[in-house]
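Structure file model_31.txt with compact mmCIF, C-alpha atoms:
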```txt
# COMPACT_ATOMS: atom_id res chain seq x y z
CA MET A 1 -1.88 66.21 -21.32
CA ALA A 2 -3.84 63.83 -23.53
CA GLU A 3 -4.79 60.34 -22.44
CA ALA A 4 -5.78 57.18 -24.33
CA ALA A 5 -7.02 53.85 -23.06
CA GLY A 6 -4.12 51.40 -23.25
CA SER A 7 -4.02 47.76 -24.22
CA GLY A 8 -1.94 44.88 -22.97
CA GLU A 9 -1.39 43.15 -19.67
CA THR A 10 -2.29 46.01 -17.32
CA ASP A 11 -4.71 48.00 -19.49
CA SER A 12 -3.23 51.14 -17.93
CA PRO A 13 -3.87 54.38 -19.83
CA ILE A 14 -1.17 55.78 -22.09
CA THR A 15 -0.62 59.50 -21.61
CA PHE A 16 0.99 62.00 -23.96
CA ASP A 17 2.68 65.09 -22.51
CA THR A 18 1.85 67.73 -25.10
CA THR A 19 4.39 70.15 -23.59
CA LYS A 20 7.16 67.97 -25.03
CA PHE A 21 6.37 67.82 -28.75
CA VAL A 22 4.84 70.08 -31.39
CA ASN A 23 4.45 67.64 -34.30
CA PRO A 24 1.81 64.92 -33.65
CA ALA A 25 3.62 62.63 -36.14
CA GLN A 26 6.27 62.22 -33.43
CA ILE A 27 3.66 60.16 -31.54
CA GLY A 28 1.71 58.57 -34.41
CA GLY A 29 -0.67 59.30 -37.24
CA ILE A 30 -1.25 58.55 -40.91
CA GLU A 31 1.31 58.92 -43.68
CA SER A 32 0.15 58.92 -47.32
CA TYR A 33 2.36 57.98 -50.24
CA VAL A 34 2.46 56.17 -53.59
CA ILE A 35 4.36 52.89 -53.96
CA ASP A 36 7.25 53.43 -56.36
CA GLY A 37 8.75 49.98 -56.91
CA GLY A 38 7.94 46.69 -58.56
CA GLU A 39 4.56 45.66 -59.90
CA GLY A 40 2.82 47.70 -57.20
CA ARG A 41 4.19 50.95 -58.59
CA GLY A 42 1.54 53.69 -58.53
CA VAL A 43 -0.68 52.13 -55.85
CA ARG A 44 -1.77 54.68 -53.22
CA ALA A 45 -1.05 53.72 -49.61
CA LEU A 46 -1.87 55.15 -46.18
CA CYS A 47 0.26 53.98 -43.27
CA PHE A 48 -1.27 54.12 -39.78
CA ASN A 49 1.01 54.31 -36.74
CA THR A 50 -1.17 54.05 -33.64
CA GLY A 51 1.63 54.94 -31.24
CA GLY A 52 0.74 51.88 -29.19
CA GLY A 53 2.83 49.37 -31.15
CA LEU A 54 0.42 48.63 -34.02
CA ARG A 55 1.30 49.79 -37.54
CA PHE A 56 -0.60 48.86 -40.68
CA ARG A 57 -0.92 49.91 -44.31
CA VAL A 58 -4.20 50.70 -46.07
CA LEU A 59 -4.26 50.37 -49.87
CA ALA A 60 -6.57 52.99 -51.37
CA ASP A 61 -6.36 51.37 -54.81
CA ARG A 62 -7.35 47.97 -53.42
CA GLY A 63 -10.69 49.00 -51.92
CA LEU A 64 -9.15 50.37 -48.67
CA ASP A 65 -8.00 46.90 -47.68
CA ILE A 66 -4.93 46.30 -45.49
CA ASP A 67 -1.79 44.46 -46.51
CA GLN A 68 1.14 44.91 -44.10
CA ALA A 69 0.55 44.92 -40.34
CA PHE A 70 3.03 44.82 -37.47
CA PHE A 71 2.66 44.77 -33.70
CA ASN A 72 5.88 45.93 -32.04
CA GLN A 73 8.57 43.96 -33.93
CA HIS A 74 6.33 41.11 -35.08
CA GLY A 75 4.59 40.76 -38.43
CA LEU A 76 0.93 39.74 -38.18
CA ALA A 77 -0.18 39.22 -41.78
CA PHE A 78 0.48 36.70 -44.53
CA LEU A 79 1.85 38.28 -47.72
CA THR A 80 1.84 36.53 -51.09
CA HIS A 81 4.89 36.16 -53.32
CA LYS A 82 3.94 39.09 -55.60
CA GLY A 83 2.64 41.33 -52.86
CA VAL A 84 0.78 44.48 -53.89
CA THR A 85 -0.31 44.85 -57.51
CA PRO A 86 -2.51 47.50 -59.14
CA PRO A 87 -6.24 46.72 -59.45
CA ARG A 88 -7.15 44.95 -62.70
CA ARG A 89 -10.61 44.29 -64.13
CA ALA A 90 -9.09 41.35 -66.02
CA HIS A 91 -8.87 39.53 -62.67
CA ASP A 92 -12.66 39.53 -62.30
CA ARG A 93 -12.96 36.21 -64.20
CA GLY A 94 -12.45 32.63 -63.12
CA ILE A 95 -9.73 32.22 -60.50
CA ASP A 96 -7.60 35.09 -61.87
CA TRP A 97 -8.35 36.92 -58.59
CA LEU A 98 -5.49 34.83 -57.16
CA LYS A 99 -2.99 36.52 -59.51
CA GLY A 100 -3.54 39.82 -57.72
CA PHE A 101 -4.29 38.53 -54.21
CA PRO A 102 -1.78 40.27 -51.91
CA GLY A 103 -2.77 38.30 -48.82
CA GLY A 104 -2.57 40.99 -46.18
CA LEU A 105 -4.31 41.51 -42.88
CA LEU A 106 -7.61 42.24 -44.66
CA THR A 107 -8.73 41.47 -48.20
CA SER A 108 -12.47 42.08 -48.51
CA CYS A 109 -14.45 39.78 -50.81
CA GLY A 110 -17.69 40.67 -52.60
CA PRO A 111 -19.85 42.71 -52.79
CA PHE A 112 -22.03 40.70 -55.20
CA ASN A 113 -20.51 37.26 -54.63
CA ILE A 114 -17.96 35.35 -52.55
CA GLY A 115 -16.52 31.90 -53.04
CA PRO A 116 -15.80 30.01 -56.27
CA PRO A 117 -16.30 31.25 -59.83
CA GLY A 118 -19.46 30.27 -61.66
CA GLN A 119 -22.69 31.61 -63.10
CA ASP A 120 -25.87 32.84 -61.45
CA GLN A 121 -28.90 33.90 -63.47
CA GLY A 122 -26.76 34.39 -66.56
CA GLN A 123 -24.13 36.52 -64.80
CA GLU A 124 -20.53 35.32 -64.86
CA LEU A 125 -18.97 35.48 -61.38
CA GLY A 126 -15.25 35.40 -60.62
CA LEU A 127 -13.60 34.10 -57.49
CA HIS A 128 -14.39 36.30 -54.46
CA GLY A 129 -15.85 39.22 -56.37
CA THR A 130 -14.59 42.56 -57.63
CA HIS A 131 -13.92 44.58 -54.47
CA SER A 132 -10.20 43.87 -54.18
CA ASN A 133 -9.63 45.08 -57.75
CA THR A 134 -11.54 48.34 -57.31
CA ALA A 135 -9.95 51.65 -56.29
CA ALA A 136 -11.50 53.88 -53.66
CA THR A 137 -12.18 57.61 -53.81
CA ILE A 138 -10.74 59.11 -50.62
CA GLU A 139 -13.20 61.43 -48.89
CA SER A 140 -11.18 62.32 -45.80
CA VAL A 141 -7.98 61.67 -43.88
CA VAL A 142 -8.22 62.85 -40.27
CA GLN A 143 -5.00 63.14 -38.30
CA PRO A 144 -4.77 62.99 -34.50
CA ASN A 145 -4.04 66.20 -32.63
CA PRO A 146 -3.27 65.52 -28.96
CA ALA A 147 -2.84 69.22 -28.22
CA ALA A 148 -6.47 69.73 -29.20
CA GLY A 149 -7.58 66.63 -27.31
CA ARG A 150 -8.20 64.65 -30.53
CA LEU A 151 -6.58 61.20 -30.39
CA GLU A 152 -8.51 59.49 -33.21
CA MET A 153 -7.10 59.09 -36.70
CA SER A 154 -9.24 57.89 -39.59
CA VAL A 155 -9.60 57.39 -43.32
CA THR A 156 -12.93 57.40 -45.15
CA GLY A 157 -13.35 56.40 -48.76
CA VAL A 158 -15.99 55.32 -51.26
CA VAL A 159 -15.87 52.28 -53.56
CA ARG A 160 -18.39 51.92 -56.40
CA TYR A 161 -19.31 48.69 -58.20
CA GLY A 162 -21.62 47.58 -61.01
CA ALA A 163 -22.60 48.55 -64.54
CA LEU A 164 -25.29 50.36 -66.48
CA PHE A 165 -28.65 48.61 -65.90
CA GLY A 166 -27.28 47.22 -62.62
CA PRO A 167 -26.86 45.73 -60.21
CA LEU A 168 -25.13 48.64 -58.46
CA LEU A 169 -23.63 49.06 -55.01
CA GLU A 170 -21.62 51.73 -53.22
CA LEU A 171 -19.46 51.17 -50.15
CA ARG A 172 -18.40 53.93 -47.78
CA ARG A 173 -15.66 52.52 -45.54
CA THR A 174 -14.25 54.29 -42.48
CA ILE A 175 -11.13 52.94 -40.76
CA THR A 176 -10.35 54.43 -37.34
CA SER A 177 -7.64 53.95 -34.73
CA THR A 178 -6.83 55.88 -31.55
CA LEU A 179 -3.40 57.03 -30.44
CA GLY A 180 -1.96 54.76 -27.77
CA THR A 181 -4.22 51.80 -28.57
CA ASN A 182 -3.83 48.79 -30.85
CA ALA A 183 -7.25 48.33 -32.42
CA ILE A 184 -8.56 49.00 -35.92
CA HIS A 185 -12.25 49.89 -36.11
CA PHE A 186 -14.16 49.46 -39.36
CA VAL A 187 -17.54 50.74 -40.49
CA ASP A 188 -18.64 49.42 -43.90
CA GLU A 189 -21.81 51.17 -45.11
CA PHE A 190 -23.37 49.78 -48.29
CA PHE A 191 -25.93 51.67 -50.36
CA ASN A 192 -27.78 50.48 -53.46
CA PRO A 193 -28.15 53.56 -55.70
CA GLY A 194 -29.71 51.52 -58.51
CA ASN A 195 -33.31 50.84 -59.45
CA THR A 196 -33.06 47.04 -59.09
CA ASP A 197 -32.29 44.84 -56.09
CA ALA A 198 -28.65 43.80 -55.77
CA PRO A 199 -27.47 40.34 -54.66
CA HIS A 200 -25.05 40.94 -51.82
CA ALA A 201 -22.21 38.89 -50.33
CA TRP A 202 -19.47 40.18 -48.02
CA LEU A 203 -16.53 38.27 -46.53
CA LEU A 204 -13.56 39.59 -44.55
CA HIS A 205 -10.47 37.58 -45.60
CA ILE A 206 -8.31 38.21 -42.50
CA ASN A 207 -4.99 36.48 -43.16
CA PHE A 208 -2.43 35.65 -40.46
CA GLY A 209 1.17 34.72 -41.26
CA TYR A 210 4.57 34.00 -39.78
CA PRO A 211 5.88 34.86 -37.22
CA LEU A 212 2.49 35.30 -35.55
CA VAL A 213 1.38 31.92 -36.88
CA ASP A 214 4.08 29.38 -36.21
CA GLU A 215 4.15 25.80 -35.03
CA GLY A 216 2.34 25.66 -31.67
CA ALA A 217 0.36 28.89 -32.09
CA GLU A 218 -3.39 28.58 -31.52
CA LEU A 219 -6.55 29.61 -33.31
CA CYS A 220 -9.07 30.77 -30.71
CA TYR A 221 -12.84 30.45 -30.97
CA ASP A 222 -15.79 28.88 -29.20
CA ALA A 223 -17.93 27.42 -31.99
CA VAL A 224 -21.39 25.97 -31.56
CA LYS A 225 -20.89 24.13 -34.85
CA VAL A 226 -18.04 23.46 -37.30
CA GLU A 227 -18.83 22.52 -40.91
CA PRO A 228 -15.70 21.30 -42.76
CA THR A 229 -15.46 21.34 -46.53
CA GLU A 230 -14.81 17.83 -47.86
CA VAL A 231 -11.19 17.31 -48.92
CA PRO A 232 -8.91 14.23 -48.97
CA GLN A 233 -8.16 12.86 -45.50
CA GLU A 234 -4.46 13.71 -45.64
CA VAL A 235 -5.32 17.35 -46.41
CA SER A 236 -8.10 17.89 -43.89
CA ARG A 237 -7.28 19.71 -40.67
CA PHE A 238 -10.77 19.01 -39.36
CA ARG A 239 -10.64 15.21 -39.40
CA LYS A 240 -10.96 13.13 -36.24
CA GLY A 241 -7.83 13.05 -34.12
CA VAL A 242 -6.44 16.39 -35.36
CA ASP A 243 -6.51 19.55 -33.27
CA ALA A 244 -7.66 22.06 -35.90
CA LYS A 245 -6.92 24.95 -33.55
CA ARG A 246 -3.24 24.09 -33.13
CA VAL A 247 -0.93 25.44 -35.82
CA PRO A 248 1.22 22.66 -37.32
CA ALA A 249 4.64 22.72 -38.94
CA ALA A 250 4.65 23.21 -42.72
CA LEU A 251 2.79 20.31 -44.38
CA ASP A 252 3.77 18.60 -47.63
CA ALA A 253 0.09 17.61 -47.97
CA HIS A 254 -0.74 21.32 -48.36
CA ARG A 255 1.57 22.04 -51.30
CA GLY A 256 -0.08 23.66 -54.32
CA PHE A 257 -3.86 24.03 -54.28
CA ASN A 258 -4.35 21.75 -51.28
CA GLU A 259 -6.06 23.48 -48.36
CA SER A 260 -8.53 22.82 -45.57
CA VAL A 261 -11.61 24.98 -44.96
CA ALA A 262 -14.46 24.95 -42.45
CA SER A 263 -17.35 27.23 -41.59
CA LEU A 264 -17.40 28.12 -37.89
CA TYR A 265 -20.46 29.29 -35.96
CA PRO A 266 -19.03 31.03 -32.85
CA ARG A 267 -21.08 31.59 -29.72
CA ALA A 268 -22.25 35.16 -29.26
CA ASP A 269 -23.72 37.30 -26.52
CA ARG A 270 -27.35 38.44 -26.53
CA SER A 271 -26.57 41.29 -28.89
CA GLY A 272 -24.77 38.98 -31.32
CA ARG A 273 -21.23 40.10 -30.50
CA THR A 274 -18.46 37.52 -30.68
CA THR A 275 -14.67 37.26 -30.80
CA VAL A 276 -12.35 34.91 -32.66
CA GLY A 277 -8.59 35.16 -32.89
CA VAL A 278 -5.11 33.70 -32.92
CA VAL A 279 -2.34 33.72 -30.30
CA ASN A 280 1.34 32.91 -30.17
CA ARG A 281 2.33 32.41 -26.54
CA LYS A 282 6.05 32.32 -27.37
CA LEU A 283 5.77 35.84 -28.79
CA SER A 284 3.23 36.91 -26.15
CA THR A 285 1.19 38.27 -29.06
CA GLY A 286 -2.27 37.70 -30.47
CA VAL A 287 -4.92 39.20 -32.71
CA ALA A 288 -8.62 39.40 -31.85
CA VAL A 289 -11.35 39.80 -34.47
CA ARG A 290 -14.56 41.19 -32.98
CA TYR A 291 -17.79 41.31 -34.98
CA ASN A 292 -21.53 40.71 -34.81
CA THR A 293 -23.00 37.36 -35.83
CA ARG A 294 -26.21 39.14 -36.91
CA GLU A 295 -24.11 40.79 -39.62
CA PHE A 296 -21.78 37.83 -40.26
CA PRO A 297 -23.53 34.53 -39.36
CA ARG A 298 -20.49 32.41 -40.31
CA CYS A 299 -16.74 32.62 -39.86
CA VAL A 300 -14.78 30.71 -42.49
CA ASN A 301 -11.50 29.19 -41.27
CA TRP A 302 -8.99 28.75 -44.10
CA GLN A 303 -5.88 26.72 -43.34
CA HIS A 304 -3.10 26.35 -45.91
CA TRP A 305 0.14 25.15 -44.37
CA GLY A 306 2.20 24.61 -47.52
CA PRO A 307 5.93 25.40 -47.26
CA GLY A 308 6.35 29.12 -47.88
CA GLU A 309 2.62 29.62 -48.40
CA TYR A 310 1.93 29.16 -44.71
CA VAL A 311 -1.27 30.91 -43.66
CA ALA A 312 -4.48 30.71 -41.65
CA ALA A 313 -7.43 33.03 -42.11
CA LEU A 314 -10.50 33.81 -40.06
CA GLU A 315 -13.18 35.18 -42.37
CA PRO A 316 -16.50 36.53 -41.04
CA ALA A 317 -19.03 36.17 -43.86
CA ASN A 318 -22.70 36.92 -44.50
CA GLY A 319 -23.10 33.90 -46.82
CA THR A 320 -21.44 30.61 -47.66
CA VAL A 321 -18.41 30.13 -49.90
CA ARG A 322 -20.08 27.47 -52.03
CA GLY A 323 -21.24 29.87 -54.74
CA ARG A 324 -23.99 32.46 -55.05
CA TRP A 325 -26.16 30.09 -57.04
CA VAL A 326 -26.05 27.64 -54.09
CA ASP A 327 -26.94 30.38 -51.60
CA ARG A 328 -29.82 31.44 -53.84
CA GLU A 329 -31.17 27.87 -54.09
CA GLU A 330 -30.91 27.37 -50.32
CA GLY A 331 -32.49 30.72 -49.47
CA VAL A 332 -29.46 32.20 -47.67
CA MET A 333 -28.45 34.74 -50.32
CA ASP A 334 -28.50 38.29 -49.03
CA THR A 335 -29.98 41.16 -51.03
CA ILE A 336 -29.82 44.94 -50.73
CA PRO A 337 -33.02 46.39 -52.26
CA ALA A 338 -33.01 49.38 -54.59
CA GLY A 339 -32.40 52.44 -52.41
CA GLY A 340 -31.53 50.20 -49.46
CA ARG A 341 -28.61 50.23 -47.06
CA LYS A 342 -26.67 47.75 -44.96
CA THR A 343 -23.92 48.47 -42.42
CA TYR A 344 -21.20 46.25 -40.92
CA ARG A 345 -19.13 47.17 -37.86
CA TYR A 346 -16.13 45.13 -36.76
CA GLN A 347 -12.71 45.42 -35.16
CA ILE A 348 -9.24 43.87 -35.46
CA GLU A 349 -7.13 44.28 -32.33
CA ALA A 350 -3.51 43.32 -31.64
CA VAL A 351 -3.02 42.11 -28.07
CA GLY A 352 0.17 41.69 -26.08
CA GLY A 353 1.15 40.53 -22.64
CA ARG A 354 -0.01 37.54 -20.70
CA ALA A 355 -3.47 38.88 -19.84
CA GLY A 356 -4.34 39.72 -23.44
CA VAL A 357 -3.10 36.41 -24.79
CA GLU A 358 -4.77 34.32 -22.08
CA ALA A 359 -8.09 36.13 -22.57
CA LEU A 360 -8.11 34.91 -26.18
CA ARG A 361 -7.00 31.40 -25.19
CA ALA A 362 -9.95 31.30 -22.76
CA LEU A 363 -12.20 31.05 -25.82
CA ASN A 364 -10.79 27.53 -26.19
CA GLY A 365 -11.44 26.75 -22.53
CA LYS A 366 -7.77 27.19 -21.60
```
Can I see the file as structure tokens?
Amino acid sequence: MAEAAGSGETDSPITFDTTKFVNPAQIGGIESYVIDGGEGRGVRALCFNTGGGLRFRVLADRGLDIDQAFFNQHGLAFLTHKGVTPPRRAHDRGIDWLKGFPGGLLTSCGPFNIGPPGQDQGQELGLHGTHSNTAATIESVVQPNPAAGRLEMSVTGVVRYGALFGPLLELRRTITSTLGTNAIHFVDEFFNPGNTDAPHAWLLHINFGYPLVDEGAELCYDAVKVEPTEVPQEVSRFRKGVDAKRVPAALDAHRGFNESVASLYPRADRSGRTTVGVVNRKLSTGVAVRYNTREFPRCVNWQHWGPGEYVAALEPANGTVRGRWVDREEGVMDTIPAGGRKTYRYQIEAVGGRAGVEALRALNGK
């Protein structure tokens, strides 16, 4: 017998009777394949099935980010019209990043800049950096083996960025889940192999879509401070008299480029740990994002409720999204020195049942 900690209303353990199957894939695991249709043809994918209800797809050719994600029968992530496309260096300029943005449960932004395109110290910077258009080298795929008492499954890969004469960075990302549970654990380890310091920005674009986000669903966080980005009154979700945590119906005011953004500063425990999330009580489903505010001091909340393009994102970030040149001027730009390292650890967890949903709603005092 093999046993995993469960998730949901009772938090009772899930057990696997190893006398009743010989192939671990019958319970869960990782399946690797290459997409064979449409513009995404040729992109390498790794599908995780946790055996607890959570299934998600990791894109090796998009920096080991995640596009599709489902909990039981419900989709969790927002997907763009084009979906998955191959990585393209041409999308490193201006706002062309949007042409290849798949949405997805996780699109990582950086590692040298996040936010709008512009210039910093003579370097041209595109929207949200180069990570999403950079393929990873897979180092390992570890399958679960309940018969041997091993319930963890994981993928580790390396992503390299930069050019001759620098700046240079290398990311080693490990994504781990455990059979019978519904959490995704990430370890992002950055290393600067160059001989010059590297400006560093890292943002986790965690995108929630229908049916998880629907009219009446709730964003969940306990923020010490909320800093909205200035937009026209009819567009802003953070203006007086509007409940920015309550998901609205589709809004005509959010058609096209119109969106509402704020930087959140969630309360944390003494070690810096915090949780933000989203819940849909009608579906008895939610998603918790757990991270450390010492690694990500801000959490950007993107709300774009245009018809069809109906999405909210919670985005832990180590800098602002006003441009690297602004962060440099204000002294909040992060740097990884030559030979230096920096590590981020965070978790995305699907929750179900009344207890799991209400625990997230309690962040809002409900």
Handout entry: Residues near stretch 314-321 of chain A, cut-off 8 Å, all atoms listed in the file, skip fewer than 5 positions along chain, as a ChimeraX atom specification
Key = /A:114-116,201-207,276-277,291,295-302,327,332-334
Exercise for the section: Would you please work out which residue, of A:Val142, A:Pro86, A:His200, A:Thr80, is nearest to A:Glu31 when using all atoms listed in the file? Expected result: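 Among the listed residues, the smallest separation from A:Glu31 belongs to A:Val142.
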Exercise for the section: Would you mind reading off the distance between atom CA of A:Ile35 and atom CA of A:Asp67, one decimal, in Å? Expected result: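 Rounded to one decimal, the two atoms are 12.8 Å apart.
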Practice task
Name the closest residue to A:Arg89 among the candidates A:Gly323, A:Gly118, A:Gly308, A:Gly162; distances are taken between atoms, counting all atoms listed in the file.
Solution key: A:Gly162
Handout entry: Selection: 8 Å around stretch 225-227 of chain A, only C-alpha atoms, excl. self and same-chain fewer than 3 positions, as a PyMOL selection string
Key = chain A and resi 262-266
Exercise for the section: Could you tell me how far atom CA of A:Cys220 lies from atom CA of A:Ser260, in Å and to one decimal? Expected result: 16.9 Å
Practice task
Do a neighbour search on A:Glu349 at 10 Å with all atoms listed in the file, toss out local chain neighbours closer than 2 positions, and write the hits as a PyMOL selection string.
Solution key: chain A and resi 7+54+71+177+181-185+277+286-290+347+351-352
Since we have the selection now, will you write its residues out, keeping C-alpha atoms, as a compact mmCIF listing (two decimals), in the frame of the given file?
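Dumped to selection.txt:
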```txt
# COMPACT_ATOMS: atom_id res chain seq x y z
CA SER A 7 -4.02 47.76 -24.22
CA LEU A 54 0.42 48.63 -34.02
CA PHE A 71 2.66 44.77 -33.70
CA SER A 177 -7.64 53.95 -34.73
CA THR A 181 -4.22 51.80 -28.57
CA ASN A 182 -3.83 48.79 -30.85
CA ALA A 183 -7.25 48.33 -32.42
CA ILE A 184 -8.56 49.00 -35.92
CA HIS A 185 -12.25 49.89 -36.11
CA GLY A 277 -8.59 35.16 -32.89
CA GLY A 286 -2.27 37.70 -30.47
CA VAL A 287 -4.92 39.20 -32.71
CA ALA A 288 -8.62 39.40 -31.85
CA VAL A 289 -11.35 39.80 -34.47
CA ARG A 290 -14.56 41.19 -32.98
CA GLN A 347 -12.71 45.42 -35.16
CA VAL A 351 -3.02 42.11 -28.07
CA GLY A 352 0.17 41.69 -26.08
```
Exercise for the section: Counting all atoms listed in the file, note down every residue that has an atom within 9 Å of the point (-1.4, 48.0, -39.6) (file coordinates), as JSON, numbers by chain. Expected result: {"A": [47, 48, 49, 50, 54, 55, 56, 57, 58, 66, 67, 68, 69, 70, 71, 76, 105, 184]}
Problem - Minimum-distance residue to A:Ser236, chosen among A:Glu215, A:Glu259, A:Asp120, A:Asp188 (using only C-alpha atoms) - result: A:Glu259
Problem - A:Thr275, A:Gly365, A:Pro337, A:Phe208 ranked by distance to A:Trp305, top pick (using all atoms listed in the file) - result: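 Nearest candidate to A:Trp305 out of A:Thr275, A:Gly365, A:Pro337, A:Phe208: A:Phe208.
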Exercise for the section: One decimal, Å: what's the distance from atom CA of A:Arg93 over to atom CA of A:Arg160, could you say? Expected result: 18.4 Å
Practice task
Go through A:Asn292, A:Thr176, A:Asn72, A:Ser284 and flag the residue nearest A:Gly272, using only C-alpha atoms for the distances.
Solution key: A:Asn292
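Counting only C-alpha atoms and comparing A:Leu168, A:Leu59, A:Leu179, A:Ala244, the residue that lies closest to A:Phe191 is A:Leu168.
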Tell me, as a PDB file with C-alpha atoms, in the coordinates of the input, which residues lie within 9 Å of A:His128, counting only C-alpha atoms; anything in the same chain fewer than 3 positions away does not count.
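Ended up saving to part.pdb:
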```pdb
ATOM      1  CA  ASP A  92     -12.660  39.530 -62.300  1.00  0.00           C
ATOM      2  CA  ILE A  95      -9.730  32.220 -60.500  1.00  0.00           C
ATOM      3  CA  TRP A  97      -8.350  36.920 -58.590  1.00  0.00           C
ATOM      4  CA  SER A 108     -12.470  42.080 -48.510  1.00  0.00           C
ATOM      5  CA  CYS A 109     -14.450  39.780 -50.810  1.00  0.00           C
ATOM      6  CA  GLY A 110     -17.690  40.670 -52.600  1.00  0.00           C
ATOM      7  CA  PRO A 111     -19.850  42.710 -52.790  1.00  0.00           C
ATOM      8  CA  PHE A 112     -22.030  40.700 -55.200  1.00  0.00           C
ATOM      9  CA  ASN A 113     -20.510  37.260 -54.630  1.00  0.00           C
ATOM     10  CA  ILE A 114     -17.960  35.350 -52.550  1.00  0.00           C
ATOM     11  CA  GLY A 115     -16.520  31.900 -53.040  1.00  0.00           C
ATOM     12  CA  PRO A 116     -15.800  30.010 -56.270  1.00  0.00           C
ATOM     13  CA  PRO A 117     -16.300  31.250 -59.830  1.00  0.00           C
ATOM     14  CA  LEU A 125     -18.970  35.480 -61.380  1.00  0.00           C
ATOM     15  CA  HIS A 131     -13.920  44.580 -54.470  1.00  0.00           C
ATOM     16  CA  SER A 132     -10.200  43.870 -54.180  1.00  0.00           C
ATOM     17  CA  LEU A 203     -16.530  38.270 -46.530  1.00  0.00           C
ATOM     18  CA  VAL A 321     -18.410  30.130 -49.900  1.00  0.00           C
TER      19      VAL A 321
END
```
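Residues having any atom no farther than 8 Å from (-8.6, 54.6, -44.2) (counting all atoms listed in the file) are Leu46, Val58, Ala60, Leu64, Val141, Ser154, Val155, Thr156, Gly157, Arg173, Thr174, Ile175 and Thr176 of chain A.
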Handout entry: Exercise: A:Glu189 partners within 8 Å, all atoms listed in the file, chain neighbours under 4 positions left out, as a ChimeraX atom specification
Key = /A:171-173,341-344
Specify the axis-aligned box that encloses all atoms of stretch 329-337 of chain A listed in the file after padding of 6 Å on each side, stating its centre and edge lengths in Å to one decimal as AutoDock Vina command-line options.
```
--center_x -30.7 --center_y 36.9 --center_z -50.9 --size_x 16.6 --size_y 31.0 --size_z 18.4
```
Have stretch 343-357 of chain A completed to N, CA and C atoms, please, and pass it along as a PDB file, keeping the file's coordinate frame.
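Full text of result04.pdb as output:
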```pdb
ATOM      1  N   THR A 343     -25.144  48.027 -43.074  1.00  0.00           N
ATOM      2  CA  THR A 343     -23.920  48.470 -42.420  1.00  0.00           C
ATOM      3  C   THR A 343     -23.311  47.329 -41.614  1.00  0.00           C
ATOM      4  N   TYR A 344     -21.975  47.212 -41.702  1.00  0.00           N
ATOM      5  CA  TYR A 344     -21.200  46.250 -40.920  1.00  0.00           C
ATOM      6  C   TYR A 344     -20.224  47.024 -40.038  1.00  0.00           C
ATOM      7  N   ARG A 345     -20.101  46.591 -38.782  1.00  0.00           N
ATOM      8  CA  ARG A 345     -19.130  47.170 -37.860  1.00  0.00           C
ATOM      9  C   ARG A 345     -18.308  46.036 -37.247  1.00  0.00           C
ATOM     10  N   TYR A 346     -16.991  46.175 -37.289  1.00  0.00           N
ATOM     11  CA  TYR A 346     -16.130  45.130 -36.760  1.00  0.00           C
ATOM     12  C   TYR A 346     -14.791  45.732 -36.370  1.00  0.00           C
ATOM     13  N   GLN A 347     -13.952  44.917 -35.741  1.00  0.00           N
ATOM     14  CA  GLN A 347     -12.710  45.420 -35.160  1.00  0.00           C
ATOM     15  C   GLN A 347     -11.642  44.340 -35.240  1.00  0.00           C
ATOM     16  N   ILE A 348     -10.415  44.741 -35.547  1.00  0.00           N
ATOM     17  CA  ILE A 348      -9.240  43.870 -35.460  1.00  0.00           C
ATOM     18  C   ILE A 348      -8.310  44.501 -34.440  1.00  0.00           C
ATOM     19  N   GLU A 349      -7.948  43.738 -33.408  1.00  0.00           N
ATOM     20  CA  GLU A 349      -7.130  44.280 -32.330  1.00  0.00           C
ATOM     21  C   GLU A 349      -5.904  43.411 -32.087  1.00  0.00           C
ATOM     22  N   ALA A 350      -4.723  44.016 -32.053  1.00  0.00           N
ATOM     23  CA  ALA A 350      -3.510  43.320 -31.640  1.00  0.00           C
ATOM     24  C   ALA A 350      -3.433  43.338 -30.128  1.00  0.00           C
ATOM     25  N   VAL A 351      -3.122  42.198 -29.526  1.00  0.00           N
ATOM     26  CA  VAL A 351      -3.020  42.110 -28.070  1.00  0.00           C
ATOM     27  C   VAL A 351      -1.635  41.612 -27.699  1.00  0.00           C
ATOM     28  N   GLY A 352      -1.128  42.105 -26.578  1.00  0.00           N
ATOM     29  CA  GLY A 352       0.170  41.690 -26.080  1.00  0.00           C
ATOM     30  C   GLY A 352       0.119  41.480 -24.586  1.00  0.00           C
ATOM     31  N   GLY A 353       1.116  40.795 -24.066  1.00  0.00           N
ATOM     32  CA  GLY A 353       1.150  40.530 -22.640  1.00  0.00           C
ATOM     33  C   GLY A 353       0.341  39.303 -22.279  1.00  0.00           C
ATOM     34  N   ARG A 354       0.620  38.792 -21.115  1.00  0.00           N
ATOM     35  CA  ARG A 354      -0.010  37.540 -20.700  1.00  0.00           C
ATOM     36  C   ARG A 354      -1.529  37.650 -20.613  1.00  0.00           C
ATOM     37  N   ALA A 355      -2.018  38.755 -20.030  1.00  0.00           N
ATOM     38  CA  ALA A 355      -3.470  38.880 -19.840  1.00  0.00           C
ATOM     39  C   ALA A 355      -4.205  38.901 -21.169  1.00  0.00           C
ATOM     40  N   GLY A 356      -3.677  39.655 -22.138  1.00  0.00           N
ATOM     41  CA  GLY A 356      -4.340  39.720 -23.440  1.00  0.00           C
ATOM     42  C   GLY A 356      -4.342  38.406 -24.158  1.00  0.00           C
ATOM     43  N   VAL A 357      -3.204  37.709 -24.126  1.00  0.00           N
ATOM     44  CA  VAL A 357      -3.100  36.410 -24.790  1.00  0.00           C
ATOM     45  C   VAL A 357      -3.997  35.381 -24.115  1.00  0.00           C
TER      46      VAL A 357
END
```
